[in-house]
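Chemist: Pasting a structure here, questions to come.
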Amino acid sequence: MSKLAIITLPDPLLRAKSAPVERVDDEIRRLADVMLETMYEAPGIGLAAVQVAVPRRLLVLDVSEKENDEPNPIVMINPEIIKLGDMLVPYEEGCLSLPDVRVEIERPSTLTVRFVDRDGREQLLDAGGLLATAIQHEIDHLDGRLIIDFMSRLKRDMVIRRFKKIARG
Ligand code: NI
């Protein structure tokens with residue numbers, strides 16, 4: 001299975017709102033598998049379908065530690081955060097669509113997310129720590145939101161200009 005190309009800024013698709021997945025079929029499962037492979041190869045801990053140019057509400061995650069843990073791939077279809085904790089924690093986030101950009105972002109440290117799994121079953125998951133951060137980051141992608149949106153306008157414009165310059169070659 002070949003991995004997929006990850007789109008980067010300033011690709012306008014990154015700003016699109018992804019559409020719900022209507023049916024969990026083999027095509028969606030195959031897409032999830034190739035997305036996981038693409039994410040592991042990158043390497044990254046999360047990837048939204050829109051980042052491989054498929055603007056559908058599908059994301060994959062694995063926040064297990066490479067050296068110490070068994071792989072723990074998670075596929076979320078049509079995820080929806082139904083509860084956010086009150087405590088905020090800062091975390092320096094990166095993004096495969098924004099190479100070399102790091103942004104410290106404060107997000108709720110715990111959440112409950114409802115989603116459909118790769119077998120088409122509805123699931124509820126309570127998450128904390130890095131997994132909670134990654135889920136919020138990836139769901140942001142489904143709504144066209146990027147980590148640079150948490151920067152000051154001045155810094156954000158500088159990053160966008162830099163990526164436009166790179167894209168022009
Ligand atoms: Ni990202």
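In the structure tokens, chains take letters A, B, ... by order of appearance, with residues numbered from 1 within each chain and ligands from 1 in the order shown.
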Would you mind listing the residues within 8 Å of ligand 1, counting only C-alpha atoms and all ligand atoms, as a short mmCIF file (atom, residue, chain, number, x, y, z; two decimals) with N, CA and C atoms, in the first residue's frame?
Modeler:
data_model
loop_
_atom_site.label_atom_id
_atom_site.label_comp_id
_atom_site.auth_asym_id
_atom_site.auth_seq_id
_atom_site.Cartn_x
_atom_site.Cartn_y
_atom_site.Cartn_z
N GLY A 46 -1.28 12.09 14.66
CA GLY A 46 -2.66 12.27 14.23
C GLY A 46 -2.71 12.78 12.81
N LEU A 47 -3.79 12.42 12.10
CA LEU A 47 -3.95 12.88 10.72
C LEU A 47 -5.44 12.93 10.40
N ALA A 48 -5.86 14.05 9.82
CA ALA A 48 -7.25 14.19 9.38
C ALA A 48 -7.32 13.94 7.88
N GLN A 51 -6.22 16.38 5.30
CA GLN A 51 -4.78 16.58 5.09
C GLN A 51 -4.22 15.70 3.96
N GLY A 94 2.61 20.66 16.90
CA GLY A 94 3.07 20.76 15.54
C GLY A 94 1.99 20.19 14.64
N CYS A 95 2.20 20.25 13.34
CA CYS A 95 1.19 19.77 12.40
C CYS A 95 1.88 19.33 11.12
N LEU A 96 1.49 18.16 10.61
CA LEU A 96 2.13 17.65 9.39
C LEU A 96 1.88 18.54 8.18
N SER A 97 0.84 19.37 8.25
CA SER A 97 0.55 20.28 7.13
C SER A 97 1.27 21.61 7.28
N LEU A 98 1.98 21.78 8.40
CA LEU A 98 2.72 23.01 8.66
C LEU A 98 4.12 22.66 9.15
N HIS A 137 -6.99 18.86 18.22
CA HIS A 137 -6.22 19.34 17.07
C HIS A 137 -6.79 18.77 15.76
N GLU A 138 -7.07 17.47 15.75
CA GLU A 138 -7.55 16.85 14.51
C GLU A 138 -8.98 17.26 14.18
N HIS A 141 -9.03 20.41 12.37
CA HIS A 141 -8.79 20.27 10.92
C HIS A 141 -10.10 20.06 10.16
N LEU A 146 -6.56 25.71 12.00
CA LEU A 146 -5.16 25.29 12.06
C LEU A 146 -4.49 25.88 13.30
N ILE A 147 -3.34 25.30 13.68
CA ILE A 147 -2.67 25.77 14.89
C ILE A 147 -2.21 27.23 14.76
#
Chemist: List the spatial neighbours of A:Val24 as a list in words - criterion: any atom at most 10 Å away, only C-alpha atoms, same-chain residues fewer than 6 positions off excluded.
Modeler: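 So, after excluding close chain neighbours, the residues are Ile77, Val116, Asp117, Arg118, Asp119, Gly120 and Arg121 of chain A.
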Chemist: Would you export the selected residues with N, CA and C atoms as a compact mmCIF listing (two decimals), in the first residue's frame, please?
Modeler:
# COMPACT_ATOMS: atom_id res chain seq x y z
N ILE A 77 -14.65 8.36 12.99
CA ILE A 77 -15.48 8.84 11.89
C ILE A 77 -16.56 9.73 12.49
N VAL A 116 -17.96 7.34 15.35
CA VAL A 116 -18.28 6.04 14.78
C VAL A 116 -16.96 5.36 14.47
N ASP A 117 -16.83 4.10 14.84
CA ASP A 117 -15.56 3.40 14.60
C ASP A 117 -15.56 2.75 13.21
N ARG A 118 -14.45 2.06 12.89
CA ARG A 118 -14.29 1.53 11.53
C ARG A 118 -15.28 0.40 11.23
N ASP A 119 -15.93 -0.11 12.26
CA ASP A 119 -16.97 -1.12 12.04
C ASP A 119 -18.36 -0.51 11.98
N GLY A 120 -18.42 0.82 12.02
CA GLY A 120 -19.70 1.50 11.91
C GLY A 120 -20.45 1.58 13.23
N ARG A 121 -19.75 1.29 14.33
CA ARG A 121 -20.41 1.33 15.64
C ARG A 121 -20.12 2.65 16.34
Chemist: When DSSP is applied to the backbone of this structure, which of chain A are assigned alpha helix (DSSP H)? Write them out as number ranges by chain.
Modeler: A: 26-41, 129-142, 153-168
Chemist: Go ahead and write the residues just picked, N, CA and C atoms, as a compact mmCIF listing (two decimals), in the first residue's frame.
Modeler:
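Wrote it out as out32.txt, contents follow:
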# COMPACT_ATOMS: atom_id res chain seq x y z
N ASP A 26 -16.09 -0.31 2.83
CA ASP A 26 -14.70 -0.75 2.61
C ASP A 26 -13.82 0.39 2.11
N GLU A 27 -14.40 1.29 1.33
CA GLU A 27 -13.62 2.40 0.81
C GLU A 27 -13.12 3.30 1.94
N ILE A 28 -14.01 3.55 2.90
CA ILE A 28 -13.63 4.37 4.07
C ILE A 28 -12.58 3.63 4.91
N ARG A 29 -12.78 2.32 5.10
CA ARG A 29 -11.82 1.53 5.88
C ARG A 29 -10.45 1.51 5.22
N ARG A 30 -10.45 1.41 3.88
CA ARG A 30 -9.17 1.43 3.16
C ARG A 30 -8.49 2.78 3.32
N LEU A 31 -9.28 3.84 3.20
CA LEU A 31 -8.74 5.19 3.37
C LEU A 31 -8.12 5.33 4.77
N ALA A 32 -8.84 4.85 5.80
CA ALA A 32 -8.33 4.93 7.18
C ALA A 32 -7.00 4.18 7.30
N ASP A 33 -6.92 3.00 6.68
CA ASP A 33 -5.68 2.21 6.75
C ASP A 33 -4.51 2.95 6.10
N VAL A 34 -4.74 3.53 4.92
CA VAL A 34 -3.65 4.23 4.24
C VAL A 34 -3.29 5.51 4.98
N MET A 35 -4.30 6.15 5.60
CA MET A 35 -4.01 7.33 6.41
C MET A 35 -3.12 6.97 7.61
N LEU A 36 -3.43 5.83 8.25
CA LEU A 36 -2.59 5.41 9.38
C LEU A 36 -1.15 5.16 8.92
N GLU A 37 -1.03 4.48 7.80
CA GLU A 37 0.31 4.20 7.28
C GLU A 37 1.06 5.50 6.96
N THR A 38 0.33 6.44 6.35
CA THR A 38 0.91 7.74 6.02
C THR A 38 1.34 8.48 7.29
N MET A 39 0.50 8.41 8.32
CA MET A 39 0.79 9.07 9.59
C MET A 39 2.03 8.47 10.26
N TYR A 40 2.10 7.12 10.28
CA TYR A 40 3.25 6.47 10.92
C TYR A 40 4.55 6.80 10.16
N GLU A 41 4.45 6.87 8.84
CA GLU A 41 5.65 7.14 8.06
C GLU A 41 6.14 8.57 8.20
N GLY A 129 -4.78 14.06 28.67
CA GLY A 129 -3.38 14.18 28.28
C GLY A 129 -3.21 14.41 26.79
N LEU A 130 -2.16 13.78 26.25
CA LEU A 130 -1.81 13.99 24.85
C LEU A 130 -2.94 13.57 23.91
N LEU A 131 -3.67 12.50 24.27
CA LEU A 131 -4.76 12.05 23.40
C LEU A 131 -5.85 13.12 23.30
N ALA A 132 -6.16 13.77 24.42
CA ALA A 132 -7.18 14.83 24.41
C ALA A 132 -6.73 16.00 23.53
N THR A 133 -5.45 16.34 23.64
CA THR A 133 -4.90 17.42 22.81
C THR A 133 -4.98 17.05 21.33
N ALA A 134 -4.56 15.82 21.01
CA ALA A 134 -4.53 15.39 19.61
C ALA A 134 -5.94 15.34 19.01
N ILE A 135 -6.91 14.88 19.79
CA ILE A 135 -8.29 14.80 19.30
C ILE A 135 -8.79 16.22 18.95
N GLN A 136 -8.53 17.18 19.84
CA GLN A 136 -8.98 18.55 19.58
C GLN A 136 -8.28 19.13 18.35
N HIS A 137 -6.99 18.86 18.22
CA HIS A 137 -6.22 19.34 17.07
C HIS A 137 -6.79 18.77 15.76
N GLU A 138 -7.07 17.47 15.75
CA GLU A 138 -7.55 16.85 14.51
C GLU A 138 -8.98 17.26 14.18
N ILE A 139 -9.83 17.41 15.20
CA ILE A 139 -11.19 17.86 14.92
C ILE A 139 -11.17 19.30 14.40
N ASP A 140 -10.23 20.11 14.90
CA ASP A 140 -10.06 21.45 14.34
C ASP A 140 -9.86 21.38 12.82
N HIS A 141 -9.03 20.41 12.37
CA HIS A 141 -8.79 20.27 10.92
C HIS A 141 -10.10 20.06 10.16
N LEU A 142 -11.01 19.29 10.76
CA LEU A 142 -12.27 18.99 10.07
C LEU A 142 -13.12 20.26 9.89
N ARG A 153 -1.95 37.69 15.11
CA ARG A 153 -2.15 37.91 13.68
C ARG A 153 -0.83 38.16 12.96
N LEU A 154 0.04 38.93 13.62
CA LEU A 154 1.33 39.28 13.02
C LEU A 154 2.15 38.02 12.74
N LYS A 155 2.25 37.15 13.76
CA LYS A 155 3.03 35.91 13.59
C LYS A 155 2.39 34.99 12.55
N ARG A 156 1.06 34.93 12.58
CA ARG A 156 0.35 34.08 11.62
C ARG A 156 0.63 34.53 10.18
N ASP A 157 0.54 35.84 9.96
CA ASP A 157 0.79 36.36 8.61
C ASP A 157 2.21 36.06 8.16
N MET A 158 3.16 36.11 9.10
CA MET A 158 4.55 35.80 8.75
C MET A 158 4.68 34.34 8.30
N VAL A 159 4.02 33.44 9.04
CA VAL A 159 4.08 32.01 8.69
C VAL A 159 3.44 31.78 7.32
N ILE A 160 2.27 32.39 7.09
CA ILE A 160 1.57 32.21 5.81
C ILE A 160 2.43 32.72 4.66
N ARG A 161 3.05 33.88 4.86
CA ARG A 161 3.93 34.43 3.80
C ARG A 161 5.08 33.48 3.49
N ARG A 162 5.65 32.91 4.57
CA ARG A 162 6.78 31.99 4.38
C ARG A 162 6.35 30.77 3.56
N PHE A 163 5.18 30.21 3.87
CA PHE A 163 4.72 29.03 3.14
C PHE A 163 4.36 29.37 1.68
N LYS A 164 3.81 30.57 1.47
CA LYS A 164 3.50 30.98 0.09
C LYS A 164 4.78 31.09 -0.73
N LYS A 165 5.81 31.61 -0.08
CA LYS A 165 7.09 31.76 -0.76
C LYS A 165 7.66 30.39 -1.13
N ILE A 166 7.58 29.46 -0.19
CA ILE A 166 8.08 28.09 -0.43
C ILE A 166 7.30 27.46 -1.59
N ALA A 167 5.97 27.68 -1.60
CA ALA A 167 5.12 27.08 -2.64
C ALA A 167 5.47 27.64 -4.03
N ARG A 168 5.86 28.90 -4.05
CA ARG A 168 6.23 29.50 -5.34
C ARG A 168 7.57 28.97 -5.82
Chemist: With only C-alpha atoms as the basis for distance, which of A:Ala19, A:Met76, A:Leu58, A:Ile148 is at the shortest distance from A:Val103?
Modeler: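 Using only C-alpha atoms, the shortest distance to A:Val103 belongs to A:Ile148.
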Chemist: Do a neighbour search on A:Glu92 at 7 Å with only C-alpha atoms, toss out local chain neighbours closer than 6 positions, and write the hits as a list of chain:residue names.
Modeler: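 Here the qualifying residues turn out to be A:Arg102, A:Val103, A:Glu104, A:Ile105.
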Chemist: Tell me which of A:Ile45, A:Ser109, A:Asn78, A:Val21 sits closest to A:Asp62, counting only C-alpha atoms.
Modeler: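 Closest residue, counting only C-alpha atoms: A:Ile45.
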